[in-house]
Amino acid sequence: MSLFTAEGLVKRFGGLLATDHVDLAVDAGEIHALIGPNGAGKSTLVNLISGLLPADAGRIVLDGVDLTVLAPHARTRAGLARCFQITSVFRNDSVRDNLLLAVQAQAGSSFRCLSRRDAEHALQERAEALAQRAGLAEVLERNAGTLPHGLQKRLDLALALAARPKLLLLDEPMAGMGPEDSQQMVGLIRSLRRETAILLIEHDMDAVFQLADRISVLVYGKVLTSGDAAHVKGHAEVQAVYLGTEVAT
Amino acid sequence: MLEPTSQGASSAPCAAAAVTHARFPGLARRLPWLVLALLAAFPLLAPAFGLEYYVGFVRRVLIVAIAATSLNFILGYGGMAALGHAGFIGVGAYTVVALVEAGFSSAWLAWGSAALVAGLAAAAIGAVSLRTRGVYFIMITLAFAQMLYYLAVSLRTWGGDDGYGLYTPLELGAWLDGAHAQVFYWVVLAIAAAVFALFSRVAHSRYGHALRGIRDNEMRMVALGYPVYGLKLAGFVAAGAVAGLAGGLLASHNAFVSPSIMHWTQSALLLVMVMLGGAGRRWGAPLGVALWLTLEEVLKLYTDYWHWPLGLLLLLVVFHAPQGVAALLERRGGREGAR
Amino acid sequence: MDAIFVFEQLLNGLGYGLMLFLIAAGLTLVFGIMDTMNLAHGSLYMAGAYVAARVHEASGAFALAVLVAVGVTVAIAAVAEFLVIRRLYRRDHLVQVLATFGIILIADDAVKAIWGVAPLLASTPAALAGPVALLEGLPYPSYRLLLIGAGLTVALGLHLLVNKTRIGMLVRAGASNRQMAEHMGVRVGGVFAFVFALGAALAALAGALMAPISAVQIGMGEAILIPALVVIVIGGIGSVRGAFVAALLVGMVDTAGRAFLPPALRAVLPPSVAADLGPALAGIAMYVLMAAVLTLKPAGLFPARG
């Protein structure tokens, strides 16, 4: 029994079938990578799973809970957190305030409106622990918008981690990174394996082959094949559609 | 003749507060109390300077500032650009009219009901409006306010287009004399101070932080697990209720209610005053209201053409102080002050 | 309530709707292409009405009055665009509200200084003062027929301009995809200025034509602005076709509401209730229409953006 399953997911944009009956499973402790050429529908799939887009058909279950009927924020509360391909942090706030906001969402009601939030020690401690975890302790008081790209990406990840997810959706965490930042991110993601299962969407093939236990290939909104690195590397059709015409013949 | 410069009784201390807030943090903590003390003493000092007339004026500034503070809360902190806030002021004012017409005379009952009914109206209007975004939100809040306006115009039992006079002042209770202008002034001041203090406190609470998060990055807030719609609706309802309270006070202040208090230009004016003062700034709303109404009052002394200088002021603000006067003062006072 | 009365009200609704379209067309293009919320659009309508009324009074030539009104208003709009509006294109909507509200205040005072506070009485051109018998038993004011004719002509012209000409293509491209409009480089500024002037001309034309059958007074711009905004929201911001359909809808709903609702209510409700409720519902009708449209189609009937 998988921790997470998506069955028969369908999404149409007008006449275009962006997601074509996709089945996907992620086991506990697994890093499952989703690869595919541009326009294969990876981001659409992430948005369907996280609920930012409503699915036309299909079912999503996480740890026995049917997420399909839940609003996006409720899916996060049920244990499904995500990062964004285009880094999505609170640019005008300090890293500390970013983390506090993320931590606050998970600890008690955000309708509390009379006591000072910044005086809550439990929240501060959680935020600082997260910063430590993501390698952001040095820049806690800096404005998020002024951080270098690599650190912003890490902050984005730390925000998702605050939810203590069962499944973490990472939408191109290495996008736009140099080799050094990428390697640090790979290390960080690998270290998360003990805490959460991960569905990783990534273009950086080195990173994918380093991290993934299982790889699924998405082409034209369909899962072409699924298997370990060796299986995918050796799959003729994958080579054809993914690596281009050079291998096609 | 009166000294026009001395009318800035309420605006000058607020401005000073914003300045010192950045420059002398110790003084900044005490300054709100100083402002409060000055405002409280004003009715007693005014006769000595021949400024009795302006006790009523400051009272009006305080009432409008209550409404503007509530708008600043959802606009500046929550990012909800509501162009129908005067509608809730109107609901509050007409609630007072309805109660008076029905024979009730307790001020507390009337104003409490004004807040309650306006809050209910805000819940209904917000529930629909908050499903839209951007310009469509601006327009749909405007549309609902227009509906309320036309409703008031056509309700002839409450005066319709001609308005409704409240000839006997509401009763404040055993030991407070509602008919006494100064007592009413102090009651208004107390309510305004309480509302301002409340919203300032909420701004730093969990809820206030969440609201600003939604303003800055709504999608991320959803992904973090926040019930964004519910949080926004709660703010919208609270702001509507406080605007309704201001409407109830305004009904007592004017001893008259007519549909014109919820004309769309009144909603626009409220937005304009908040932005002039500085949306999302603690002192933005009272500063904007005091500045705008004082200028209006001063200009009216000298000329029939008092609109265009205010229009020019808005253009100046847009191009030279887009964050509002409060932000300008904070910057003058040194480093960028805390939001 | 007979068929003749219904027909007459439909014609009134058509006329009002067409005038709304003239105002909304410019507003929706400015909004759609420049993403600019111009509350002062109603002030251009006011300028057109005032200039036309005074020139007509002085010269006795109505056509001349309309032409002068359009010319003067376009000149004013050009100045406003150059001084203020073009600096607002990339700003926040609220900042645009603030600035254009400032323009309204200035415009109202300017009108007061030039023409005074008392409303002007604009006269109908003498040749069109009488009624025309459209059908047997239906005399209809010939001036209102002129309104309908002029409105339809301009709508057709605008349709051809937007759909058949090069500048129209640029305008449409801008409304459906602003980034693409921005990629058009140097031409963008010119297209913006052209669209703003065109919108001003249409608003002035509407003001000039409406002057004889409405009150020419300070505040008339603010009064017409709201229905015009309702029209562009219902039609879909940036869509001229949407503005046309929505303007006719709003014109009809508003006119029909005022004409038919009170008698209909009187038939089923006690007179005192009906007397209160009738005008209220009539005034509210177009806003209910807008709320209903937005509930079903959040981006309006003809969303310009895909």
# chains A, B, ... in the order shown; residues from 1 in each chain; ligands from 1
>>> select_by_dssp(residues="range 6-126 of chain A", states="helix (DSSP H, G or I)", output="PyMOL selection string")
chain A and resi 42-50+72-77+95-104+117-119+121-126
>>> residues_around(residues="Pro212 in chain C", least_positions_apart="5", cutoff="7 Å", atoms="only C-alpha atoms", output="ChimeraX atom specification")
/C:122-124
>>> interface_residues(of="chain B", to="chain A", cutoff="12 Å", atoms="only C-alpha atoms", output="PyMOL selection string")
chain B and resi 197-235+238+338-339
>>> write_last_selection(atoms="C-alpha atoms", output="PDB file, in the first residue's frame")
ATOM      1  CA  ALA B 197      -5.620  50.615  19.790  1.00  0.00           C
ATOM      2  CA  LEU B 198      -7.477  47.424  18.925  1.00  0.00           C
ATOM      3  CA  PHE B 199      -6.486  47.451  15.262  1.00  0.00           C
ATOM      4  CA  SER B 200      -2.890  48.376  16.140  1.00  0.00           C
ATOM      5  CA  ARG B 201      -2.766  45.395  18.447  1.00  0.00           C
ATOM      6  CA  VAL B 202      -4.355  43.050  15.966  1.00  0.00           C
ATOM      7  CA  ALA B 203      -1.760  44.097  13.387  1.00  0.00           C
ATOM      8  CA  HIS B 204       0.947  42.410  15.461  1.00  0.00           C
ATOM      9  CA  SER B 205      -1.059  39.329  16.351  1.00  0.00           C
ATOM     10  CA  ARG B 206      -1.040  36.014  14.560  1.00  0.00           C
ATOM     11  CA  TYR B 207      -4.089  37.141  12.653  1.00  0.00           C
ATOM     12  CA  GLY B 208      -2.468  40.420  11.590  1.00  0.00           C
ATOM     13  CA  HIS B 209       0.634  38.623  10.330  1.00  0.00           C
ATOM     14  CA  ALA B 210      -1.509  36.134   8.435  1.00  0.00           C
ATOM     15  CA  LEU B 211      -3.509  38.935   6.839  1.00  0.00           C
ATOM     16  CA  ARG B 212      -0.351  40.678   5.618  1.00  0.00           C
ATOM     17  CA  GLY B 213       0.942  37.381   4.320  1.00  0.00           C
ATOM     18  CA  ILE B 214      -2.205  37.064   2.221  1.00  0.00           C
ATOM     19  CA  ARG B 215      -1.739  40.605   0.929  1.00  0.00           C
ATOM     20  CA  ASP B 216       1.840  39.902  -0.111  1.00  0.00           C
ATOM     21  CA  ASN B 217       1.566  36.383  -1.487  1.00  0.00           C
ATOM     22  CA  GLU B 218      -1.829  34.766  -1.410  1.00  0.00           C
ATOM     23  CA  MET B 219      -0.906  31.602  -3.270  1.00  0.00           C
ATOM     24  CA  ARG B 220       1.951  30.848  -0.893  1.00  0.00           C
ATOM     25  CA  MET B 221      -0.381  31.356   2.053  1.00  0.00           C
ATOM     26  CA  VAL B 222      -2.744  28.764   0.586  1.00  0.00           C
ATOM     27  CA  ALA B 223       0.153  26.377   0.120  1.00  0.00           C
ATOM     28  CA  LEU B 224       1.218  26.974   3.722  1.00  0.00           C
ATOM     29  CA  GLY B 225      -2.177  25.728   4.809  1.00  0.00           C
ATOM     30  CA  TYR B 226      -3.919  28.973   5.689  1.00  0.00           C
ATOM     31  CA  PRO B 227      -7.704  29.153   5.264  1.00  0.00           C
ATOM     32  CA  VAL B 228      -7.264  32.292   3.200  1.00  0.00           C
ATOM     33  CA  TYR B 229     -10.898  32.868   2.338  1.00  0.00           C
ATOM     34  CA  GLY B 230     -12.027  32.575   5.961  1.00  0.00           C
ATOM     35  CA  LEU B 231      -9.255  34.851   7.177  1.00  0.00           C
ATOM     36  CA  LYS B 232     -10.130  37.509   4.630  1.00  0.00           C
ATOM     37  CA  LEU B 233     -13.832  37.242   5.357  1.00  0.00           C
ATOM     38  CA  ALA B 234     -13.225  37.666   9.094  1.00  0.00           C
ATOM     39  CA  GLY B 235     -11.280  40.875   8.433  1.00  0.00           C
ATOM     40  CA  ALA B 238     -14.753  43.204  11.369  1.00  0.00           C
ATOM     41  CA  ALA B 338       8.157  49.574  11.222  1.00  0.00           C
ATOM     42  CA  ARG B 339       5.004  48.845   9.299  1.00  0.00           C
TER      43      ARG B 339
END
>>> residues_around(residues="Ala47 in chain C", least_positions_apart="4", cutoff="12 Å", atoms="only C-alpha atoms", output="ChimeraX atom specification")
/C:40-43,51-54,66,68-77,104,107-108,110-112,114-115,200-208,210-211,216-221
>>> write_last_selection(atoms="C-alpha atoms", output="PDB file, in the first residue's frame")
ATOM      1  CA  ALA C  40     -11.916  60.660 -14.659  1.00  0.00           C
ATOM      2  CA  HIS C  41     -13.410  59.222 -17.847  1.00  0.00           C
ATOM      3  CA  GLY C  42     -16.755  60.607 -16.699  1.00  0.00           C
ATOM      4  CA  SER C  43     -15.214  64.068 -16.557  1.00  0.00           C
ATOM      5  CA  VAL C  51     -18.980  72.537 -24.452  1.00  0.00           C
ATOM      6  CA  ALA C  52     -21.698  71.254 -26.771  1.00  0.00           C
ATOM      7  CA  ALA C  53     -24.456  72.940 -24.787  1.00  0.00           C
ATOM      8  CA  ARG C  54     -22.715  76.335 -24.777  1.00  0.00           C
ATOM      9  CA  VAL C  66     -20.938  68.411 -31.341  1.00  0.00           C
ATOM     10  CA  VAL C  68     -16.353  71.500 -31.247  1.00  0.00           C
ATOM     11  CA  ALA C  69     -17.198  69.512 -28.123  1.00  0.00           C
ATOM     12  CA  VAL C  70     -15.366  66.459 -29.420  1.00  0.00           C
ATOM     13  CA  GLY C  71     -12.386  68.551 -30.527  1.00  0.00           C
ATOM     14  CA  VAL C  72     -12.059  70.448 -27.261  1.00  0.00           C
ATOM     15  CA  THR C  73     -12.459  67.319 -25.164  1.00  0.00           C
ATOM     16  CA  VAL C  74      -9.846  65.421 -27.142  1.00  0.00           C
ATOM     17  CA  ALA C  75      -7.467  68.348 -26.650  1.00  0.00           C
ATOM     18  CA  ILE C  76      -8.113  68.305 -22.893  1.00  0.00           C
ATOM     19  CA  ALA C  77      -7.644  64.543 -22.823  1.00  0.00           C
ATOM     20  CA  ILE C 104     -12.207  64.580 -11.040  1.00  0.00           C
ATOM     21  CA  ALA C 107     -12.269  69.013 -13.400  1.00  0.00           C
ATOM     22  CA  ASP C 108     -15.381  69.710 -11.312  1.00  0.00           C
ATOM     23  CA  ALA C 110     -12.788  73.970 -13.455  1.00  0.00           C
ATOM     24  CA  VAL C 111     -16.324  73.521 -14.765  1.00  0.00           C
ATOM     25  CA  LYS C 112     -17.686  75.450 -11.797  1.00  0.00           C
ATOM     26  CA  ILE C 114     -16.057  78.478 -16.185  1.00  0.00           C
ATOM     27  CA  TRP C 115     -19.785  77.808 -16.293  1.00  0.00           C
ATOM     28  CA  ALA C 200     -12.145  60.789 -24.999  1.00  0.00           C
ATOM     29  CA  ALA C 201     -13.768  61.535 -28.366  1.00  0.00           C
ATOM     30  CA  LEU C 202     -16.440  58.890 -27.818  1.00  0.00           C
ATOM     31  CA  ALA C 203     -17.132  60.080 -24.263  1.00  0.00           C
ATOM     32  CA  ALA C 204     -17.402  63.670 -25.494  1.00  0.00           C
ATOM     33  CA  LEU C 205     -19.745  62.605 -28.290  1.00  0.00           C
ATOM     34  CA  ALA C 206     -21.953  60.838 -25.773  1.00  0.00           C
ATOM     35  CA  GLY C 207     -21.901  63.903 -23.531  1.00  0.00           C
ATOM     36  CA  ALA C 208     -22.780  66.224 -26.403  1.00  0.00           C
ATOM     37  CA  MET C 210     -26.999  63.392 -24.102  1.00  0.00           C
ATOM     38  CA  ALA C 211     -26.882  67.074 -23.115  1.00  0.00           C
ATOM     39  CA  VAL C 216     -25.886  69.230 -17.722  1.00  0.00           C
ATOM     40  CA  GLN C 217     -24.374  69.728 -14.291  1.00  0.00           C
ATOM     41  CA  ILE C 218     -21.344  69.169 -12.127  1.00  0.00           C
ATOM     42  CA  GLY C 219     -21.280  65.572 -10.984  1.00  0.00           C
ATOM     43  CA  MET C 220     -22.845  64.215 -14.189  1.00  0.00           C
ATOM     44  CA  GLY C 221     -19.533  62.535 -14.974  1.00  0.00           C
TER      45      GLY C 221
END
>>> closest_residue(among="B:Glu52, B:Glu171, B:Glu297, B:Asp161", to="chain C", atoms="only C-alpha atoms")
B:Asp161
>>> interface_residues(of="chain C", to="chain B", cutoff="6 Å", atoms="only C-alpha atoms", output="list in words")
Leu98, Ala99, Gly102, Ile103, Leu105, Ile106, Asp109, Asp276, Pro279, Ala280, Gly283, Ile284 and Tyr287 of chain C
>>> write_last_selection(atoms="N, CA and C atoms", output="PDB file, in the first residue's frame")
ATOM      1  N   LEU C  98      -6.558  56.889  -7.005  1.00  0.00           N
ATOM      2  CA  LEU C  98      -6.199  58.102  -6.268  1.00  0.00           C
ATOM      3  C   LEU C  98      -5.970  59.276  -7.229  1.00  0.00           C
ATOM      4  N   ALA C  99      -5.147  59.039  -8.241  1.00  0.00           N
ATOM      5  CA  ALA C  99      -4.782  60.120  -9.154  1.00  0.00           C
ATOM      6  C   ALA C  99      -5.977  60.583  -9.980  1.00  0.00           C
ATOM      7  N   GLY C 102      -8.310  62.596  -8.113  1.00  0.00           N
ATOM      8  CA  GLY C 102      -7.785  63.957  -8.043  1.00  0.00           C
ATOM      9  C   GLY C 102      -8.158  64.756  -9.282  1.00  0.00           C
ATOM     10  N   ILE C 103      -8.080  64.111 -10.447  1.00  0.00           N
ATOM     11  CA  ILE C 103      -8.447  64.804 -11.690  1.00  0.00           C
ATOM     12  C   ILE C 103      -9.933  65.183 -11.668  1.00  0.00           C
ATOM     13  N   LEU C 105     -11.726  65.944  -9.091  1.00  0.00           N
ATOM     14  CA  LEU C 105     -11.887  67.124  -8.224  1.00  0.00           C
ATOM     15  C   LEU C 105     -11.489  68.399  -8.975  1.00  0.00           C
ATOM     16  N   ILE C 106     -10.375  68.305  -9.704  1.00  0.00           N
ATOM     17  CA  ILE C 106      -9.910  69.472 -10.444  1.00  0.00           C
ATOM     18  C   ILE C 106     -10.893  69.821 -11.562  1.00  0.00           C
ATOM     19  N   ASP C 109     -14.100  71.519 -10.333  1.00  0.00           N
ATOM     20  CA  ASP C 109     -13.892  72.924  -9.980  1.00  0.00           C
ATOM     21  C   ASP C 109     -13.691  73.786 -11.223  1.00  0.00           C
ATOM     22  N   ASP C 276     -42.301  52.025  -2.278  1.00  0.00           N
ATOM     23  CA  ASP C 276     -40.926  52.000  -1.777  1.00  0.00           C
ATOM     24  C   ASP C 276     -40.042  51.071  -2.592  1.00  0.00           C
ATOM     25  N   PRO C 279     -38.948  51.717  -7.087  1.00  0.00           N
ATOM     26  CA  PRO C 279     -37.758  52.467  -7.488  1.00  0.00           C
ATOM     27  C   PRO C 279     -36.474  51.831  -6.993  1.00  0.00           C
ATOM     28  N   ALA C 280     -36.524  51.229  -5.799  1.00  0.00           N
ATOM     29  CA  ALA C 280     -35.315  50.594  -5.263  1.00  0.00           C
ATOM     30  C   ALA C 280     -34.858  49.473  -6.183  1.00  0.00           C
ATOM     31  N   GLY C 283     -33.481  50.781  -9.455  1.00  0.00           N
ATOM     32  CA  GLY C 283     -32.136  51.312  -9.349  1.00  0.00           C
ATOM     33  C   GLY C 283     -31.092  50.229  -9.189  1.00  0.00           C
ATOM     34  N   ILE C 284     -31.513  49.151  -8.541  1.00  0.00           N
ATOM     35  CA  ILE C 284     -30.585  48.075  -8.221  1.00  0.00           C
ATOM     36  C   ILE C 284     -30.392  47.112  -9.392  1.00  0.00           C
ATOM     37  N   TYR C 287     -27.071  46.387 -11.052  1.00  0.00           N
ATOM     38  CA  TYR C 287     -26.041  45.823 -10.172  1.00  0.00           C
ATOM     39  C   TYR C 287     -26.294  44.352  -9.906  1.00  0.00           C
TER      40      TYR C 287
END
>>> closest_residue(among="C:Phe244, C:Phe21, C:Phe7, C:Phe196", to="Val79 in chain C", atoms="only C-alpha atoms")
C:Phe196
